[in-house]
$ cat protein-v3.cif   # mmCIF, C-alpha atoms and all ligand atoms
data_final
loop_
_atom_site.group_PDB
_atom_site.id
_atom_site.type_symbol
_atom_site.label_atom_id
_atom_site.label_comp_id
_atom_site.auth_asym_id
_atom_site.auth_seq_id
_atom_site.Cartn_x
_atom_site.Cartn_y
_atom_site.Cartn_z
ATOM 1 C CA MET A 1 0.000 0.000 0.000
ATOM 2 C CA THR A 2 1.277 3.431 -0.952
ATOM 3 C CA ASP A 3 1.067 6.210 1.633
ATOM 4 C CA LEU A 4 -0.565 9.161 -0.140
ATOM 5 C CA LEU A 5 1.320 12.225 1.088
ATOM 6 C CA HIS A 6 -0.853 14.719 -0.802
ATOM 7 C CA MET A 7 -3.883 13.719 1.274
ATOM 8 C CA LYS A 8 -2.384 15.552 4.265
ATOM 9 C CA ASP A 9 -0.194 18.091 2.494
ATOM 10 C CA ASN A 10 -1.617 19.569 -0.693
ATOM 11 C CA TYR A 11 1.481 21.740 -1.112
ATOM 12 C CA LEU A 12 4.127 19.008 -1.088
ATOM 13 C CA GLN A 13 6.077 19.229 -4.351
ATOM 14 C CA THR A 14 9.018 16.861 -3.770
ATOM 15 C CA PHE A 15 9.536 13.693 -1.752
ATOM 16 C CA ASP A 16 11.833 10.701 -1.308
ATOM 17 C CA ALA A 17 10.528 7.172 -1.619
ATOM 18 C CA ARG A 18 11.442 3.589 -2.339
ATOM 19 C CA VAL A 19 10.271 1.449 -5.244
ATOM 20 C CA ILE A 20 8.173 -1.456 -3.918
ATOM 21 C CA SER A 21 6.999 -2.858 -7.247
ATOM 22 C CA SER A 22 8.266 -2.444 -10.779
ATOM 23 C CA SER A 23 6.822 -3.446 -14.126
ATOM 24 C CA LEU A 24 7.420 -2.825 -17.850
ATOM 25 C CA ASP A 25 6.285 0.795 -17.803
ATOM 26 C CA PHE A 26 5.369 1.702 -14.226
ATOM 27 C CA VAL A 27 6.590 1.666 -10.633
ATOM 28 C CA VAL A 28 4.766 1.541 -7.294
ATOM 29 C CA LEU A 29 6.312 3.520 -4.407
ATOM 30 C CA ASP A 30 6.060 3.148 -0.623
ATOM 31 C CA HIS A 31 4.762 6.719 -0.552
ATOM 32 C CA THR A 32 4.056 9.435 -3.056
ATOM 33 C CA ALA A 33 3.008 13.074 -3.430
ATOM 34 C CA PHE A 34 1.684 12.418 -6.959
ATOM 35 C CA TYR A 35 -2.092 12.737 -7.167
ATOM 36 C CA PRO A 36 -3.556 9.681 -8.908
ATOM 37 C CA GLU A 37 -6.349 10.382 -11.378
ATOM 38 C CA GLY A 38 -9.671 10.191 -9.563
ATOM 39 C CA GLY A 39 -12.666 12.052 -8.208
ATOM 40 C CA GLY A 40 -12.786 13.975 -11.483
ATOM 41 C CA GLN A 41 -9.301 15.443 -10.982
ATOM 42 C CA SER A 42 -6.630 14.622 -13.535
ATOM 43 C CA SER A 43 -3.407 12.925 -12.554
ATOM 44 C CA ASP A 44 -0.219 14.748 -11.654
ATOM 45 C CA ILE A 45 2.767 14.510 -13.944
ATOM 46 C CA GLY A 46 6.415 15.105 -13.019
ATOM 47 C CA THR A 47 9.670 13.215 -12.649
ATOM 48 C CA LEU A 48 11.371 10.488 -10.644
ATOM 49 C CA THR A 49 15.138 10.237 -10.333
ATOM 50 C CA ASP A 50 17.507 7.786 -8.694
ATOM 51 C CA GLY A 51 20.339 10.336 -8.806
ATOM 52 C CA SER A 52 21.789 9.119 -12.071
ATOM 53 C CA ARG A 53 18.855 9.499 -14.434
ATOM 54 C CA VAL A 54 15.606 11.455 -14.491
ATOM 55 C CA VAL A 55 12.516 9.686 -15.807
ATOM 56 C CA PRO A 56 9.274 11.548 -16.649
ATOM 57 C CA VAL A 57 6.120 10.417 -14.845
ATOM 58 C CA VAL A 58 3.397 10.745 -17.500
ATOM 59 C CA GLY A 59 0.434 9.698 -15.377
ATOM 60 C CA VAL A 60 -0.530 8.109 -12.081
ATOM 61 C CA ARG A 61 -3.427 5.704 -11.784
ATOM 62 C CA LYS A 62 -5.104 3.494 -9.235
ATOM 63 C CA GLU A 63 -5.116 0.042 -10.814
ATOM 64 C CA GLU A 64 -5.628 -3.335 -9.190
ATOM 65 C CA GLY A 65 -5.300 -1.789 -5.752
ATOM 66 C CA GLU A 66 -1.960 -0.151 -6.582
ATOM 67 C CA ILE A 67 -0.913 3.432 -7.230
ATOM 68 C CA ARG A 68 1.000 3.077 -10.484
ATOM 69 C CA HIS A 69 3.388 5.786 -11.694
ATOM 70 C CA LYS A 70 3.508 5.359 -15.446
ATOM 71 C CA LEU A 71 6.998 6.205 -16.719
ATOM 72 C CA ASP A 72 8.315 7.407 -20.049
ATOM 73 C CA GLY A 73 11.581 5.497 -19.721
ATOM 74 C CA GLU A 74 12.980 2.362 -18.182
ATOM 75 C CA PRO A 75 11.405 1.736 -14.753
ATOM 76 C CA PHE A 76 13.594 1.655 -11.642
ATOM 77 C CA ALA A 77 14.189 -1.714 -9.978
ATOM 78 C CA ILE A 78 12.496 -2.760 -6.731
ATOM 79 C CA GLY A 79 14.324 -1.337 -3.724
ATOM 80 C CA THR A 80 15.663 1.732 -5.557
ATOM 81 C CA SER A 81 15.552 4.989 -3.589
ATOM 82 C CA VAL A 82 14.015 7.703 -5.735
ATOM 83 C CA HIS A 83 13.355 11.412 -5.476
ATOM 84 C CA GLY A 84 10.045 12.565 -6.879
ATOM 85 C CA GLU A 85 9.086 15.979 -8.113
ATOM 86 C CA ILE A 86 5.616 16.855 -9.289
ATOM 87 C CA ASP A 87 4.945 19.372 -12.059
ATOM 88 C CA TRP A 88 3.809 22.144 -9.741
ATOM 89 C CA LYS A 89 2.410 24.470 -12.421
ATOM 90 C CA SER A 90 -0.058 21.856 -13.577
ATOM 91 C CA ARG A 91 -0.911 20.609 -10.071
ATOM 92 C CA TYR A 92 -1.394 24.079 -8.563
ATOM 93 C CA GLU A 93 -3.764 24.931 -11.378
ATOM 94 C CA CYS A 94 -5.735 21.773 -10.572
ATOM 95 C CA MET A 95 -5.889 22.848 -6.916
ATOM 96 C CA ARG A 96 -7.261 26.273 -7.862
ATOM 97 C CA PHE A 97 -9.722 24.712 -10.302
ATOM 98 C CA HIS A 98 -10.890 22.071 -7.835
ATOM 99 C CA THR A 99 -11.626 24.518 -5.013
ATOM 100 C CA ALA A 100 -13.350 26.819 -7.536
ATOM 101 C CA GLN A 101 -15.518 23.921 -8.702
ATOM 102 C CA HIS A 102 -16.657 23.214 -5.132
ATOM 103 C CA ILE A 103 -17.674 26.881 -4.756
ATOM 104 C CA LEU A 104 -19.454 26.929 -8.125
ATOM 105 C CA SER A 105 -21.294 23.732 -7.195
ATOM 106 C CA ARG A 106 -22.332 25.095 -3.816
ATOM 107 C CA TYR A 107 -23.479 28.354 -5.386
ATOM 108 C CA LEU A 108 -25.651 26.500 -7.897
ATOM 109 C CA GLN A 109 -27.037 24.267 -5.153
ATOM 110 C CA LEU A 110 -27.926 27.170 -2.858
ATOM 111 C CA ASN A 111 -29.332 29.512 -5.496
ATOM 112 C CA TYR A 112 -30.839 27.158 -8.077
ATOM 113 C CA GLY A 113 -31.280 23.832 -6.254
ATOM 114 C CA LEU A 114 -28.918 22.082 -8.654
ATOM 115 C CA GLU A 115 -27.010 18.914 -7.937
ATOM 116 C CA THR A 116 -23.483 18.282 -9.191
ATOM 117 C CA VAL A 117 -23.465 14.981 -11.070
ATOM 118 C CA GLY A 118 -19.967 14.979 -12.566
ATOM 119 C CA ASN A 119 -16.785 16.983 -12.858
ATOM 120 C CA ASN A 120 -13.513 17.101 -14.714
ATOM 121 C CA ILE A 121 -10.682 19.086 -13.153
ATOM 122 C CA THR A 122 -7.828 19.602 -15.539
ATOM 123 C CA PRO A 123 -5.371 22.427 -16.366
ATOM 124 C CA GLY A 124 -6.558 24.948 -18.949
ATOM 125 C CA GLU A 125 -10.294 24.482 -18.667
ATOM 126 C CA SER A 126 -12.388 22.459 -16.224
ATOM 127 C CA ARG A 127 -16.041 21.501 -16.230
ATOM 128 C CA ALA A 128 -18.842 20.156 -14.096
ATOM 129 C CA ASP A 129 -22.279 18.699 -14.853
ATOM 130 C CA TYR A 130 -25.418 19.977 -13.137
ATOM 131 C CA SER A 131 -28.913 18.594 -12.843
ATOM 132 C CA PRO A 132 -31.703 19.480 -13.461
ATOM 133 C CA LEU A 133 -30.528 22.228 -15.819
ATOM 134 C CA GLU A 134 -31.894 22.473 -19.356
ATOM 135 C CA SER A 135 -30.726 25.946 -20.258
ATOM 136 C CA PHE A 136 -28.081 28.366 -19.089
ATOM 137 C CA ASP A 137 -28.515 31.718 -20.785
ATOM 138 C CA ASP A 138 -26.117 34.663 -20.763
ATOM 139 C CA SER A 139 -27.845 36.528 -17.951
ATOM 140 C CA MET A 140 -27.776 33.478 -15.647
ATOM 141 C CA LYS A 141 -24.172 32.847 -16.666
ATOM 142 C CA ARG A 142 -23.133 36.383 -15.730
ATOM 143 C CA LYS A 143 -25.059 36.232 -12.467
ATOM 144 C CA VAL A 144 -23.449 32.933 -11.458
ATOM 145 C CA GLU A 145 -19.980 34.090 -12.452
ATOM 146 C CA GLU A 146 -20.371 37.269 -10.419
ATOM 147 C CA GLY A 147 -21.831 35.440 -7.413
ATOM 148 C CA VAL A 148 -19.068 32.824 -7.377
ATOM 149 C CA ASN A 149 -16.340 35.440 -7.769
ATOM 150 C CA LYS A 150 -17.756 37.389 -4.824
ATOM 151 C CA ILE A 151 -17.404 34.278 -2.649
ATOM 152 C CA ILE A 152 -13.855 33.681 -3.907
ATOM 153 C CA GLN A 153 -12.925 37.293 -3.105
ATOM 154 C CA GLN A 154 -13.911 36.804 0.541
ATOM 155 C CA ASN A 155 -10.492 35.145 1.094
ATOM 156 C CA ILE A 156 -11.992 32.126 2.861
ATOM 157 C CA ASP A 157 -9.659 29.605 4.532
ATOM 158 C CA VAL A 158 -9.961 26.065 3.187
ATOM 159 C CA GLU A 159 -9.363 23.259 5.651
ATOM 160 C CA VAL A 160 -8.839 19.523 5.232
ATOM 161 C CA ARG A 161 -10.016 17.468 8.200
ATOM 162 C CA PHE A 162 -9.931 13.710 8.729
ATOM 163 C CA MET A 163 -12.977 12.445 10.611
ATOM 164 C CA PRO A 164 -14.231 9.051 11.739
ATOM 165 C CA ARG A 165 -16.931 7.809 9.333
ATOM 166 C CA LYS A 166 -19.974 8.366 11.568
ATOM 167 C CA GLU A 167 -18.852 11.780 12.753
ATOM 168 C CA ALA A 168 -18.076 12.848 9.170
ATOM 169 C CA ILE A 169 -21.469 11.771 7.829
ATOM 170 C CA SER A 170 -23.386 13.547 10.593
ATOM 171 C CA TYR A 171 -21.237 16.693 10.260
ATOM 172 C CA LEU A 172 -21.698 16.790 6.481
ATOM 173 C CA GLU A 173 -25.433 16.152 6.747
ATOM 174 C CA LYS A 174 -25.848 18.960 9.275
ATOM 175 C CA ARG A 175 -24.145 21.326 6.888
ATOM 176 C CA GLY A 176 -26.386 20.419 3.954
ATOM 177 C CA TYR A 177 -24.129 18.047 2.025
ATOM 178 C CA GLN A 178 -25.811 15.290 -0.023
ATOM 179 C CA ILE A 179 -24.848 12.249 2.032
ATOM 180 C CA ARG A 180 -26.601 9.497 0.099
ATOM 181 C CA TYR A 181 -23.433 8.726 -1.915
ATOM 182 C CA LEU A 182 -21.377 8.530 1.260
ATOM 183 C CA GLU A 183 -23.597 5.826 2.663
ATOM 184 C CA MET A 184 -22.681 3.702 -0.368
ATOM 185 C CA VAL A 185 -18.959 3.929 0.462
ATOM 186 C CA PRO A 186 -17.804 0.450 1.641
ATOM 187 C CA LYS A 187 -18.037 0.044 5.421
ATOM 188 C CA SER A 188 -14.326 -0.812 5.456
ATOM 189 C CA VAL A 189 -13.648 2.907 4.949
ATOM 190 C CA LYS A 190 -13.461 4.091 8.546
ATOM 191 C CA GLU A 191 -12.213 7.629 7.994
ATOM 192 C CA PHE A 192 -13.401 10.370 5.656
ATOM 193 C CA ARG A 193 -11.447 13.320 4.330
ATOM 194 C CA VAL A 194 -13.634 16.361 4.768
ATOM 195 C CA LEU A 195 -13.001 19.596 2.904
ATOM 196 C CA ILE A 196 -14.283 22.719 4.644
ATOM 197 C CA ILE A 197 -14.470 26.041 2.799
ATOM 198 C CA GLY A 198 -15.176 28.218 5.830
ATOM 199 C CA ASP A 199 -18.890 28.622 6.499
ATOM 200 C CA TYR A 200 -19.666 28.352 2.802
ATOM 201 C CA ASP A 201 -19.200 24.715 1.832
ATOM 202 C CA VAL A 202 -18.277 21.246 3.031
ATOM 203 C CA ALA A 203 -17.625 18.073 1.063
ATOM 204 C CA SER A 204 -16.129 14.637 1.276
ATOM 205 C CA CYS A 205 -13.251 14.883 -1.183
ATOM 206 C CA ALA A 206 -9.862 13.275 -1.756
ATOM 207 C CA GLY A 207 -8.752 15.953 -4.213
ATOM 208 C CA THR A 208 -6.092 18.598 -3.811
ATOM 209 C CA HIS A 209 -7.171 22.108 -2.845
ATOM 210 C CA VAL A 210 -5.770 25.561 -2.139
ATOM 211 C CA ALA A 211 -5.528 26.788 1.481
ATOM 212 C CA ASN A 212 -7.424 30.023 0.876
ATOM 213 C CA THR A 213 -9.887 31.063 -1.834
ATOM 214 C CA LYS A 214 -7.763 34.147 -2.618
ATOM 215 C CA GLU A 215 -5.358 31.796 -4.424
ATOM 216 C CA ILE A 216 -8.045 31.017 -7.007
ATOM 217 C CA GLY A 217 -8.322 34.584 -8.315
ATOM 218 C CA GLY A 218 -11.667 34.099 -9.996
ATOM 219 C CA ILE A 219 -13.529 32.106 -12.615
ATOM 220 C CA GLN A 220 -14.778 32.852 -16.072
ATOM 221 C CA ILE A 221 -17.657 30.690 -17.244
ATOM 222 C CA GLY A 222 -17.457 29.616 -20.872
ATOM 223 C CA LYS A 223 -19.749 27.522 -22.988
ATOM 224 C CA SER A 224 -22.265 25.003 -21.722
ATOM 225 C CA LYS A 225 -24.084 22.117 -23.348
ATOM 226 C CA ASN A 226 -26.763 19.557 -22.640
ATOM 227 C CA VAL A 227 -25.393 16.097 -21.935
ATOM 228 C CA GLY A 228 -28.717 14.265 -21.651
ATOM 229 C CA ALA A 229 -31.248 13.417 -18.943
ATOM 230 C CA GLY A 230 -31.665 17.050 -17.845
ATOM 231 C CA LYS A 231 -27.941 17.477 -17.211
ATOM 232 C CA ARG A 232 -25.950 20.420 -18.419
ATOM 233 C CA ARG A 233 -22.175 20.653 -18.648
ATOM 234 C CA ILE A 234 -20.637 24.011 -17.707
ATOM 235 C CA TYR A 235 -17.053 24.856 -18.697
ATOM 236 C CA PHE A 236 -14.964 27.403 -16.813
ATOM 237 C CA LYS A 237 -11.504 28.949 -16.766
ATOM 238 C CA LEU A 238 -9.469 30.634 -14.051
ATOM 239 C CA LEU A 239 -8.665 34.307 -13.739
ATOM 240 C CA THR A 240 -5.243 35.065 -12.311
ATOM 241 C CA PRO A 241 -5.309 36.538 -8.758
HETATM 242 ZN ZN ZN B 301 -13.733 17.631 -4.763
#

$ encode --input "protein-v3.cif" --output "C-alpha cells"
Amino acid sequence: MTDLLHMKDNYLQTFDARVISSSLDFVVLDHTAFYPEGGGQSSDIGTLTDGSRVVPVVGVRKEEGEIRHKLDGEPFAIGTSVHGEIDWKSRYECMRFHTAQHILSRYLQLNYGLETVGNNITPGESRADYSPLESFDDSMKRKVEEGVNKIIQQNIDVEVRFMPRKEAISYLEKRGYQIRYLEMVPKSVKEFRVLIIGDYDVASCAGTHVANTKEIGGIQIGKSKNVGAGKRRIYFKLLTP
C-alpha cells in the first residue's frame, strides 16, 4: 500500500521514496506526493530520479489496488531509492480549479437547487455537470460568475479534516451536504477526508485544494451544453489573482 502524502499536504512538491513494485512501464512507491487520477481530478505529472537518471512520470493511476506511476523510460528496480518531483504548475492549477468547482457547485445548489453529477478538473479548462438544468442563458451565466467570484474574493480559509466515518457523515449532513453517496462507500472505509471552505461549503473529497480562496483569483464561465437526462455541462476557466 502506498502512503498518499498529498492527502495531508496539498502543497508538497518533492519527496523521497522507495520502489516497492516495478513493471514494464510503471513503478509503485512506498509513498508518493503524486495525485492519482480520480474524483474527477486529472493525474499529476512530473519526474522520478535515482540520482543518475531522471525519468518523466506521465500519469498516475489506481489500478488493481496499486498506485502506479507510469513512466516514459525504463522503470527503476524494486528497492531503488528515488526522489520525486511533481509538475507544480499543472498541479497548482488543478488545486485552484478544484476549489473553484466546489464553490461553483455550492453556489448553484444554494441559489438554483442544482445537484453536481460529474466533474472534470484539468489544467486549462475544467467543467462540471449539473442537474436538473436544461438551459443556461447569458444573464444566468453572468449572475453565477459574479456570485461565485464574490465568494472567492472573501479570502476564505480552506481546511482539510480527517474524521471518523460516523462523525463525518453527521457533520456533512448537518451542513447540507448530499450524504446518500457517502452511505454507499464500503463500510471498510473508517475515515473520511472532509473539505471545509469556511462557512460556505463542506464536502467529502480526496482531491487537492488551495488553502485560501484568494489563491483562485476568480472564474470565467465559458460555454455550456446539454449532456442528456436534464444534465448540463458548464465549462470554466481561471482568472489570475
Ligand atoms: Zn472535490

$ residues_near_ligand --input "protein-v3.cif" --ligand "ligand ZN 301 (chain B)" --cutoff "12 Å" --atoms "only C-alpha atoms and all ligand atoms" --output "JSON, numbers by chain"
{"A": [38, 39, 40, 41, 42, 94, 95, 96, 97, 98, 99, 100, 101, 102, 103, 104, 105, 106, 116, 117, 118, 119, 120, 121, 128, 160, 193, 194, 195, 196, 197, 201, 202, 203, 204, 205, 206, 207, 208, 209, 210]}

$ residues_around --input "protein-v3.cif" --residues "region 59-74 of chain A" --least-positions-apart "5" --cutoff "9 Å" --atoms "all atoms listed in the file" --output "JSON, numbers by chain"
{"A": [1, 2, 24, 25, 26, 27, 28, 29, 32, 34, 35, 36, 37, 38, 42, 43, 44, 45, 46, 47, 48, 54]}

$ write_last_selection --input "protein-v3.cif" --atoms "C-alpha atoms" --output "PDB file, keeping the file's coordinate frame"
ATOM      1  CA  MET A   1       0.000   0.000   0.000  1.00  0.00           C
ATOM      2  CA  THR A   2       1.277   3.431  -0.952  1.00  0.00           C
ATOM      3  CA  LEU A  24       7.420  -2.825 -17.850  1.00  0.00           C
ATOM      4  CA  ASP A  25       6.285   0.795 -17.803  1.00  0.00           C
ATOM      5  CA  PHE A  26       5.369   1.702 -14.226  1.00  0.00           C
ATOM      6  CA  VAL A  27       6.590   1.666 -10.633  1.00  0.00           C
ATOM      7  CA  VAL A  28       4.766   1.541  -7.294  1.00  0.00           C
ATOM      8  CA  LEU A  29       6.312   3.520  -4.407  1.00  0.00           C
ATOM      9  CA  THR A  32       4.056   9.435  -3.056  1.00  0.00           C
ATOM     10  CA  PHE A  34       1.684  12.418  -6.959  1.00  0.00           C
ATOM     11  CA  TYR A  35      -2.092  12.737  -7.167  1.00  0.00           C
ATOM     12  CA  PRO A  36      -3.556   9.681  -8.908  1.00  0.00           C
ATOM     13  CA  GLU A  37      -6.349  10.382 -11.378  1.00  0.00           C
ATOM     14  CA  GLY A  38      -9.671  10.191  -9.563  1.00  0.00           C
ATOM     15  CA  SER A  42      -6.630  14.622 -13.535  1.00  0.00           C
ATOM     16  CA  SER A  43      -3.407  12.925 -12.554  1.00  0.00           C
ATOM     17  CA  ASP A  44      -0.219  14.748 -11.654  1.00  0.00           C
ATOM     18  CA  ILE A  45       2.767  14.510 -13.944  1.00  0.00           C
ATOM     19  CA  GLY A  46       6.415  15.105 -13.019  1.00  0.00           C
ATOM     20  CA  THR A  47       9.670  13.215 -12.649  1.00  0.00           C
ATOM     21  CA  LEU A  48      11.371  10.488 -10.644  1.00  0.00           C
ATOM     22  CA  VAL A  54      15.606  11.455 -14.491  1.00  0.00           C
TER      23      VAL A  54
END

$ residues_around --input "protein-v3.cif" --residues "Gln178 (chain A)" --least-positions-apart "5" --cutoff "9 Å" --atoms "all atoms listed in the file" --output "PyMOL selection string"
chain A and resi 115+172-173+203

$ residues_around --input "protein-v3.cif" --residues "region 135-151 of chain A" --least-positions-apart "2" --cutoff "7 Å" --atoms "all atoms listed in the file" --output "PyMOL selection string"
chain A and resi 103-104+107+133+153-154+218-221

$ axis_aligned_box --input "protein-v3.cif" --around "region 166-172 of chain A" --padding-each-side "3 Å" --output "AutoDock Vina command-line options"
--center_x -20.7 --center_y 12.6 --center_z 9.6 --size_x 11.3 --size_y 14.4 --size_z 12.3

$ atom_distance --input "protein-v3.cif" --atom1 "CA of Lys187 (chain A)" --atom2 "CA of Glu167 (chain A)"
13.9 Å

$ closest_residue --input "protein-v3.cif" --among "A:Tyr181, A:Phe76, A:Tyr92, A:Tyr171" --to "Arg18 (chain A)" --atoms "only C-alpha atoms"
A:Phe76

$ residues_near_point --input "protein-v3.cif" --point "(9.8, 16.6, -9.7)" --cutoff "8 Å" --atoms "all atoms listed in the file" --output "PyMOL selection string"
chain A and resi 13-14+46-48+83-87

$ atom_distance --input "protein-v3.cif" --atom1 "CA of Arg180 (chain A)" --atom2 "CA of Glu134 (chain A)"
24.0 Å

$ closest_residue --input "protein-v3.cif" --among "A:Tyr177, A:Tyr130, A:Phe162, A:Tyr200" --to "Arg233 (chain A)" --atoms "only C-alpha atoms"
A:Tyr130

$ residues_near_point --input "protein-v3.cif" --point "(-11.5, 5.3, 7.9)" --cutoff "10 Å" --atoms "all atoms listed in the file" --output "list of chain:residue names"
A:Phe162, A:Met163, A:Pro164, A:Arg165, A:Lys166, A:Lys187, A:Ser188, A:Val189, A:Lys190, A:Glu191, A:Phe192, A:Arg193

$ closest_residue --input "protein-v3.cif" --among "A:Pro132, A:Glu93, A:Gly79, A:Asn226" --to "Thr240 (chain A)" --atoms "only C-alpha atoms"
A:Glu93

$ atom_distance --input "protein-v3.cif" --atom1 "CA of Ala211 (chain A)" --atom2 "CA of Met7 (chain A)"
13.2 Å

$ closest_residue --input "protein-v3.cif" --among "A:Ala168, A:Leu4, A:Leu238, A:Leu110" --to "Glu125 (chain A)" --atoms "all atoms listed in the file"
A:Leu238

$ build_atoms --input "protein-v3.cif" --residues "region 128-140 of chain A" --atoms "N, CA and C atoms" --output "JSON list (two decimals), keeping the file's coordinate frame"
[["chain", "number", "residue", "atom", "x", "y", "z"],
["A", 128, "ALA", "N", -18.03, 20.96, -15.01],
["A", 128, "ALA", "CA", -18.84, 20.16, -14.10],
["A", 128, "ALA", "C", -20.23, 20.04, -14.69],
["A", 129, "ASP", "N", -20.93, 18.96, -14.34],
["A", 129, "ASP", "CA", -22.28, 18.70, -14.85],
["A", 129, "ASP", "C", -23.29, 18.94, -13.74],
["A", 130, "TYR", "N", -24.39, 19.63, -14.12],
["A", 130, "TYR", "CA", -25.42, 19.98, -13.14],
["A", 130, "TYR", "C", -26.78, 19.48, -13.57],
["A", 131, "SER", "N", -27.59, 19.13, -12.57],
["A", 131, "SER", "CA", -28.91, 18.59, -12.84],
["A", 131, "SER", "C", -29.90, 19.08, -11.77],
["A", 132, "PRO", "N", -31.16, 19.39, -12.10],
["A", 132, "PRO", "CA", -31.70, 19.48, -13.46],
["A", 132, "PRO", "C", -31.47, 20.88, -14.04],
["A", 133, "LEU", "N", -30.82, 20.93, -15.20],
["A", 133, "LEU", "CA", -30.53, 22.23, -15.82],
["A", 133, "LEU", "C", -30.60, 22.08, -17.34],
["A", 134, "GLU", "N", -31.69, 22.61, -17.91],
["A", 134, "GLU", "CA", -31.89, 22.47, -19.36],
["A", 134, "GLU", "C", -31.23, 23.61, -20.12],
["A", 135, "SER", "N", -31.33, 24.83, -19.53],
["A", 135, "SER", "CA", -30.73, 25.95, -20.26],
["A", 135, "SER", "C", -29.91, 26.81, -19.31],
["A", 136, "PHE", "N", -28.99, 27.53, -19.88],
["A", 136, "PHE", "CA", -28.08, 28.37, -19.09],
["A", 136, "PHE", "C", -27.77, 29.58, -19.96],
["A", 137, "ASP", "N", -28.68, 30.58, -19.88],
["A", 137, "ASP", "CA", -28.52, 31.72, -20.78],
["A", 137, "ASP", "C", -27.47, 32.71, -20.27],
["A", 138, "ASP", "N", -27.18, 33.72, -21.10],
["A", 138, "ASP", "CA", -26.12, 34.66, -20.76],
["A", 138, "ASP", "C", -26.35, 35.41, -19.46],
["A", 139, "SER", "N", -27.62, 35.74, -19.16],
["A", 139, "SER", "CA", -27.84, 36.53, -17.95],
["A", 139, "SER", "C", -27.62, 35.66, -16.72],
["A", 140, "MET", "N", -28.02, 34.40, -16.77],
["A", 140, "MET", "CA", -27.78, 33.48, -15.65],
["A", 140, "MET", "C", -26.27, 33.23, -15.52]]
